[in-house]
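Structure first, commentary second.
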Amino acid sequence: MTAQAPSREPRQDRSRATRLRLLEAAIDCLASAGWAGTTVSVVAERAGVSRGAAQHHFPTREGLVTAAVEYGVEVRMREMRDRVAAMPGGRLTALEVVTVLGEMYTSPLFRAALHLWVAAASDERLCALLLPLEAKVGREAHRLTVQALGADESEPGVRETVQATLELIRGLGLADILTDDSARRTRILTQWARTLDSVLGPAR
């Protein structure tokens with residue numbers, strides 16, 4: 001009788017689990033230690049894997065951190081899609097939308113991405129990796145916001161209003177980096193939700 005080859009699935013599962021730990025550790029490290037403090041060795045130690053295993057998945061620091069931010073964005077976007085899908089009619093109230101976006105732009109993921117943007121401003125190789133990712137994230141964030149609001153972008157000014165929403169909330173996220181700005185942010189987002197209801201009312 002010919003012996004069967006051992007299943008590759010457990011090894012593949014372990015590889016996926018290792019990659020996931022590295023991505024999550026990279027986000028945490030980038031958010032707390034910044035670009036300078038986020039090396040493959042440091043991330044590997046935080047993830048509980050060897051440096052060799054980390055470099056097998058991600059040979060360069062640039063590849064690791066951009067993959068980590070992309071992974072984090074995909075997770076947050078999926079959460080938003082699931083939340084929209086669970087609502088009657090597949091849409092959220094304006095206040096719910098800006099609240100969800102506010103949480104996204106004050107999360108460790110946003111802090112990690114911010115450190116990456118700053119580093120990319122003076123690093124051409126990192127910038128080349130980051131620009132396509134940022135364009136993809138921007139498109140998806142806009143599309144999901146339109147869907148969540150049930151907005152009709154064929155109406156004059158609606159597309160610009162949706163984009164202004166994203167720009168406003170990103171700016172509020174920046175204001176939260178050094179100090180807790182949650183109280184002021186809540187007031188502004190509540191008022192902006194009323195503005196959205198006023199502008200988008202006929203188009204929803």
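Each chain in the structure tokens gets a letter, A, B and so on, in the order shown; residues start at 1 in every chain, and ligands are counted from 1 in the order they appear.
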| message | Quick one: residues within 10 Å of range 150-166 of chain A, only C-alpha atoms, excluding same-chain residues fewer than 2 positions away - as JSON, numbers by chain? | response | {"A": [89, 90, 91, 92, 93, 94, 97, 98, 101, 102, 105, 138, 141, 142, 143, 144, 145, 146, 147, 148, 168, 169, 170, 171, 172, 189, 192, 193, 195, 196, 199, 200, 201, 202, 203, 204]}
List every residue of range 83-125 of chain A that has an atom at most 6 Å from any atom of range 14-36 of chain A, giving for each one its closest atom pair and the distance in Å to one decimal, counting only C-alpha atoms, sorted by chain and then by ascending residue number, as a Markdown table.
```
| residue | atom | partner | partner_atom | distance |
| --- | --- | --- | --- | --- |
| A:Pro108 | CA | A:Ala31 | CA | 5.6 |
| A:Arg111 | CA | A:Ala31 | CA | 5.0 |
| A:Ala112 | CA | A:Ala31 | CA | 4.1 |
| A:His115 | CA | A:Gly34 | CA | 5.6 |
```
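Candidate residues A:Arg76, A:Arg11, A:Arg194, A:His56 were compared for distance to Glu103 in chain A, and the nearest is A:Arg76, using only C-alpha atoms.
Interatomic distance, CA of Leu126 in chain A against CA of Ser41 in chain A: 18.5 Å.
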Just asking: which residues within range 1-64 of chain A are alpha helix (DSSP H) according to DSSP, as a PDB file with C-alpha atoms, in the first residue's frame?
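Below is the file that was written, out.pdb:
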```pdb
ATOM      1  CA  GLU A   9      -3.675  22.132   4.914  1.00  0.00           C
ATOM      2  CA  PRO A  10      -2.332  22.359   8.499  1.00  0.00           C
ATOM      3  CA  ARG A  11       0.903  23.900   7.195  1.00  0.00           C
ATOM      4  CA  GLN A  12      -1.090  26.348   5.069  1.00  0.00           C
ATOM      5  CA  ASP A  13      -3.250  27.208   8.074  1.00  0.00           C
ATOM      6  CA  ARG A  14      -0.166  27.870  10.175  1.00  0.00           C
ATOM      7  CA  SER A  15       1.288  30.049   7.430  1.00  0.00           C
ATOM      8  CA  ARG A  16      -1.920  32.094   7.189  1.00  0.00           C
ATOM      9  CA  ALA A  17      -2.068  32.431  10.967  1.00  0.00           C
ATOM     10  CA  THR A  18       1.555  33.614  11.084  1.00  0.00           C
ATOM     11  CA  ARG A  19       0.916  36.162   8.342  1.00  0.00           C
ATOM     12  CA  LEU A  20      -2.173  37.442  10.157  1.00  0.00           C
ATOM     13  CA  ARG A  21      -0.258  37.846  13.440  1.00  0.00           C
ATOM     14  CA  LEU A  22       2.438  39.793  11.613  1.00  0.00           C
ATOM     15  CA  LEU A  23      -0.087  42.120   9.978  1.00  0.00           C
ATOM     16  CA  GLU A  24      -1.883  42.844  13.237  1.00  0.00           C
ATOM     17  CA  ALA A  25       1.395  43.320  15.121  1.00  0.00           C
ATOM     18  CA  ALA A  26       2.625  45.703  12.413  1.00  0.00           C
ATOM     19  CA  ILE A  27      -0.477  47.878  12.787  1.00  0.00           C
ATOM     20  CA  ASP A  28      -0.105  47.965  16.577  1.00  0.00           C
ATOM     21  CA  CYS A  29       3.611  48.706  16.346  1.00  0.00           C
ATOM     22  CA  LEU A  30       3.226  51.410  13.707  1.00  0.00           C
ATOM     23  CA  ALA A  31       0.423  53.075  15.682  1.00  0.00           C
ATOM     24  CA  SER A  32       2.395  53.105  18.938  1.00  0.00           C
ATOM     25  CA  ALA A  33       6.053  53.361  17.846  1.00  0.00           C
ATOM     26  CA  VAL A  40      10.654  43.568  10.791  1.00  0.00           C
ATOM     27  CA  SER A  41      12.501  42.323  13.888  1.00  0.00           C
ATOM     28  CA  VAL A  42      10.353  44.349  16.279  1.00  0.00           C
ATOM     29  CA  VAL A  43       7.126  43.276  14.574  1.00  0.00           C
ATOM     30  CA  ALA A  44       8.235  39.638  14.547  1.00  0.00           C
ATOM     31  CA  GLU A  45       8.953  39.759  18.283  1.00  0.00           C
ATOM     32  CA  ARG A  46       5.582  41.393  18.973  1.00  0.00           C
ATOM     33  CA  ALA A  47       3.839  38.770  16.837  1.00  0.00           C
ATOM     34  CA  ARG A  51      12.601  37.010  12.241  1.00  0.00           C
ATOM     35  CA  GLY A  52      13.184  34.375   9.556  1.00  0.00           C
ATOM     36  CA  ALA A  53       9.485  33.520   9.438  1.00  0.00           C
ATOM     37  CA  ALA A  54       8.612  37.202   9.230  1.00  0.00           C
ATOM     38  CA  GLN A  55      11.037  37.780   6.375  1.00  0.00           C
ATOM     39  CA  HIS A  56       9.688  34.731   4.577  1.00  0.00           C
ATOM     40  CA  HIS A  57       6.294  36.445   4.414  1.00  0.00           C
ATOM     41  CA  ARG A  61       9.701  46.599   6.064  1.00  0.00           C
ATOM     42  CA  GLU A  62       7.911  48.635   3.376  1.00  0.00           C
ATOM     43  CA  GLY A  63       6.070  45.570   2.109  1.00  0.00           C
ATOM     44  CA  LEU A  64       5.114  44.545   5.627  1.00  0.00           C
TER      45      LEU A  64
END
```
| task | Rounded to one decimal place, report the CA of Glu96 in chain A-CA of Asp197 in chain A distance in Å. | result |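 According to the coordinates, CA of Glu96 in chain A and CA of Asp197 in chain A are separated by 11.8 Å.
Residues in contact range of Leu129 in chain A, defined as at most 12 Å between only C-alpha atoms, with sequence neighbours fewer than 5 positions away removed, read Thr60, Arg61, Glu62, Gly63, Leu64, Val65, Thr66, Ala67, Val69, Glu70, Leu116, Trp117, Ala119, Ala120, Ala121, Asp123, Glu124, Glu134, Ala135 and Lys136 of chain A.
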Output N, CA and C atoms of each residue in that selection to a file, as a PDB file, in the first residue's frame.
```pdb
ATOM      1  N   THR A  60      10.681  42.864   3.126  1.00  0.00           N
ATOM      2  CA  THR A  60      11.047  44.248   3.426  1.00  0.00           C
ATOM      3  C   THR A  60      10.062  44.873   4.411  1.00  0.00           C
ATOM      4  N   ARG A  61      10.554  45.871   5.136  1.00  0.00           N
ATOM      5  CA  ARG A  61       9.701  46.599   6.064  1.00  0.00           C
ATOM      6  C   ARG A  61       8.584  47.314   5.318  1.00  0.00           C
ATOM      7  N   GLU A  62       8.919  47.910   4.157  1.00  0.00           N
ATOM      8  CA  GLU A  62       7.911  48.635   3.376  1.00  0.00           C
ATOM      9  C   GLU A  62       6.760  47.720   2.968  1.00  0.00           C
ATOM     10  N   GLY A  63       7.113  46.519   2.507  1.00  0.00           N
ATOM     11  CA  GLY A  63       6.070  45.570   2.109  1.00  0.00           C
ATOM     12  C   GLY A  63       5.210  45.134   3.268  1.00  0.00           C
ATOM     13  N   LEU A  64       5.856  44.966   4.437  1.00  0.00           N
ATOM     14  CA  LEU A  64       5.114  44.545   5.627  1.00  0.00           C
ATOM     15  C   LEU A  64       4.114  45.594   6.067  1.00  0.00           C
ATOM     16  N   VAL A  65       4.549  46.834   6.191  1.00  0.00           N
ATOM     17  CA  VAL A  65       3.652  47.844   6.749  1.00  0.00           C
ATOM     18  C   VAL A  65       2.546  48.226   5.767  1.00  0.00           C
ATOM     19  N   THR A  66       2.847  48.279   4.480  1.00  0.00           N
ATOM     20  CA  THR A  66       1.776  48.596   3.526  1.00  0.00           C
ATOM     21  C   THR A  66       0.755  47.468   3.471  1.00  0.00           C
ATOM     22  N   ALA A  67       1.224  46.220   3.535  1.00  0.00           N
ATOM     23  CA  ALA A  67       0.288  45.085   3.571  1.00  0.00           C
ATOM     24  C   ALA A  67      -0.555  45.121   4.840  1.00  0.00           C
ATOM     25  N   VAL A  69      -1.453  47.828   6.632  1.00  0.00           N
ATOM     26  CA  VAL A  69      -2.469  48.878   6.529  1.00  0.00           C
ATOM     27  C   VAL A  69      -3.581  48.453   5.570  1.00  0.00           C
ATOM     28  N   GLU A  70      -3.208  47.828   4.459  1.00  0.00           N
ATOM     29  CA  GLU A  70      -4.227  47.362   3.520  1.00  0.00           C
ATOM     30  C   GLU A  70      -5.136  46.331   4.169  1.00  0.00           C
ATOM     31  N   LEU A 116       2.601  56.191   8.386  1.00  0.00           N
ATOM     32  CA  LEU A 116       3.064  55.736   7.080  1.00  0.00           C
ATOM     33  C   LEU A 116       3.049  56.867   6.064  1.00  0.00           C
ATOM     34  N   TRP A 117       2.006  57.692   6.088  1.00  0.00           N
ATOM     35  CA  TRP A 117       1.936  58.839   5.162  1.00  0.00           C
ATOM     36  C   TRP A 117       3.103  59.793   5.397  1.00  0.00           C
ATOM     37  N   ALA A 119       6.031  59.194   6.727  1.00  0.00           N
ATOM     38  CA  ALA A 119       7.283  58.585   6.276  1.00  0.00           C
ATOM     39  C   ALA A 119       7.384  58.590   4.758  1.00  0.00           C
ATOM     40  N   ALA A 120       6.256  58.345   4.089  1.00  0.00           N
ATOM     41  CA  ALA A 120       6.254  58.280   2.625  1.00  0.00           C
ATOM     42  C   ALA A 120       6.530  59.628   1.986  1.00  0.00           C
ATOM     43  N   ALA A 121       6.272  60.714   2.711  1.00  0.00           N
ATOM     44  CA  ALA A 121       6.501  62.049   2.162  1.00  0.00           C
ATOM     45  C   ALA A 121       7.971  62.282   1.837  1.00  0.00           C
ATOM     46  N   ASP A 123      10.199  59.457   1.450  1.00  0.00           N
ATOM     47  CA  ASP A 123      10.751  58.161   1.040  1.00  0.00           C
ATOM     48  C   ASP A 123      10.083  57.758  -0.273  1.00  0.00           C
ATOM     49  N   GLU A 124      10.787  57.896  -1.374  1.00  0.00           N
ATOM     50  CA  GLU A 124      10.191  57.671  -2.693  1.00  0.00           C
ATOM     51  C   GLU A 124       9.709  56.233  -2.874  1.00  0.00           C
ATOM     52  N   GLU A 134      -3.601  54.132  -1.257  1.00  0.00           N
ATOM     53  CA  GLU A 134      -4.417  55.254  -0.818  1.00  0.00           C
ATOM     54  C   GLU A 134      -5.544  55.544  -1.814  1.00  0.00           C
ATOM     55  N   ALA A 135      -5.229  55.434  -3.108  1.00  0.00           N
ATOM     56  CA  ALA A 135      -6.260  55.656  -4.124  1.00  0.00           C
ATOM     57  C   ALA A 135      -7.368  54.612  -4.003  1.00  0.00           C
ATOM     58  N   LYS A 136      -6.977  53.363  -3.784  1.00  0.00           N
ATOM     59  CA  LYS A 136      -7.948  52.276  -3.631  1.00  0.00           C
ATOM     60  C   LYS A 136      -8.809  52.490  -2.389  1.00  0.00           C
TER      61      LYS A 136
END
```
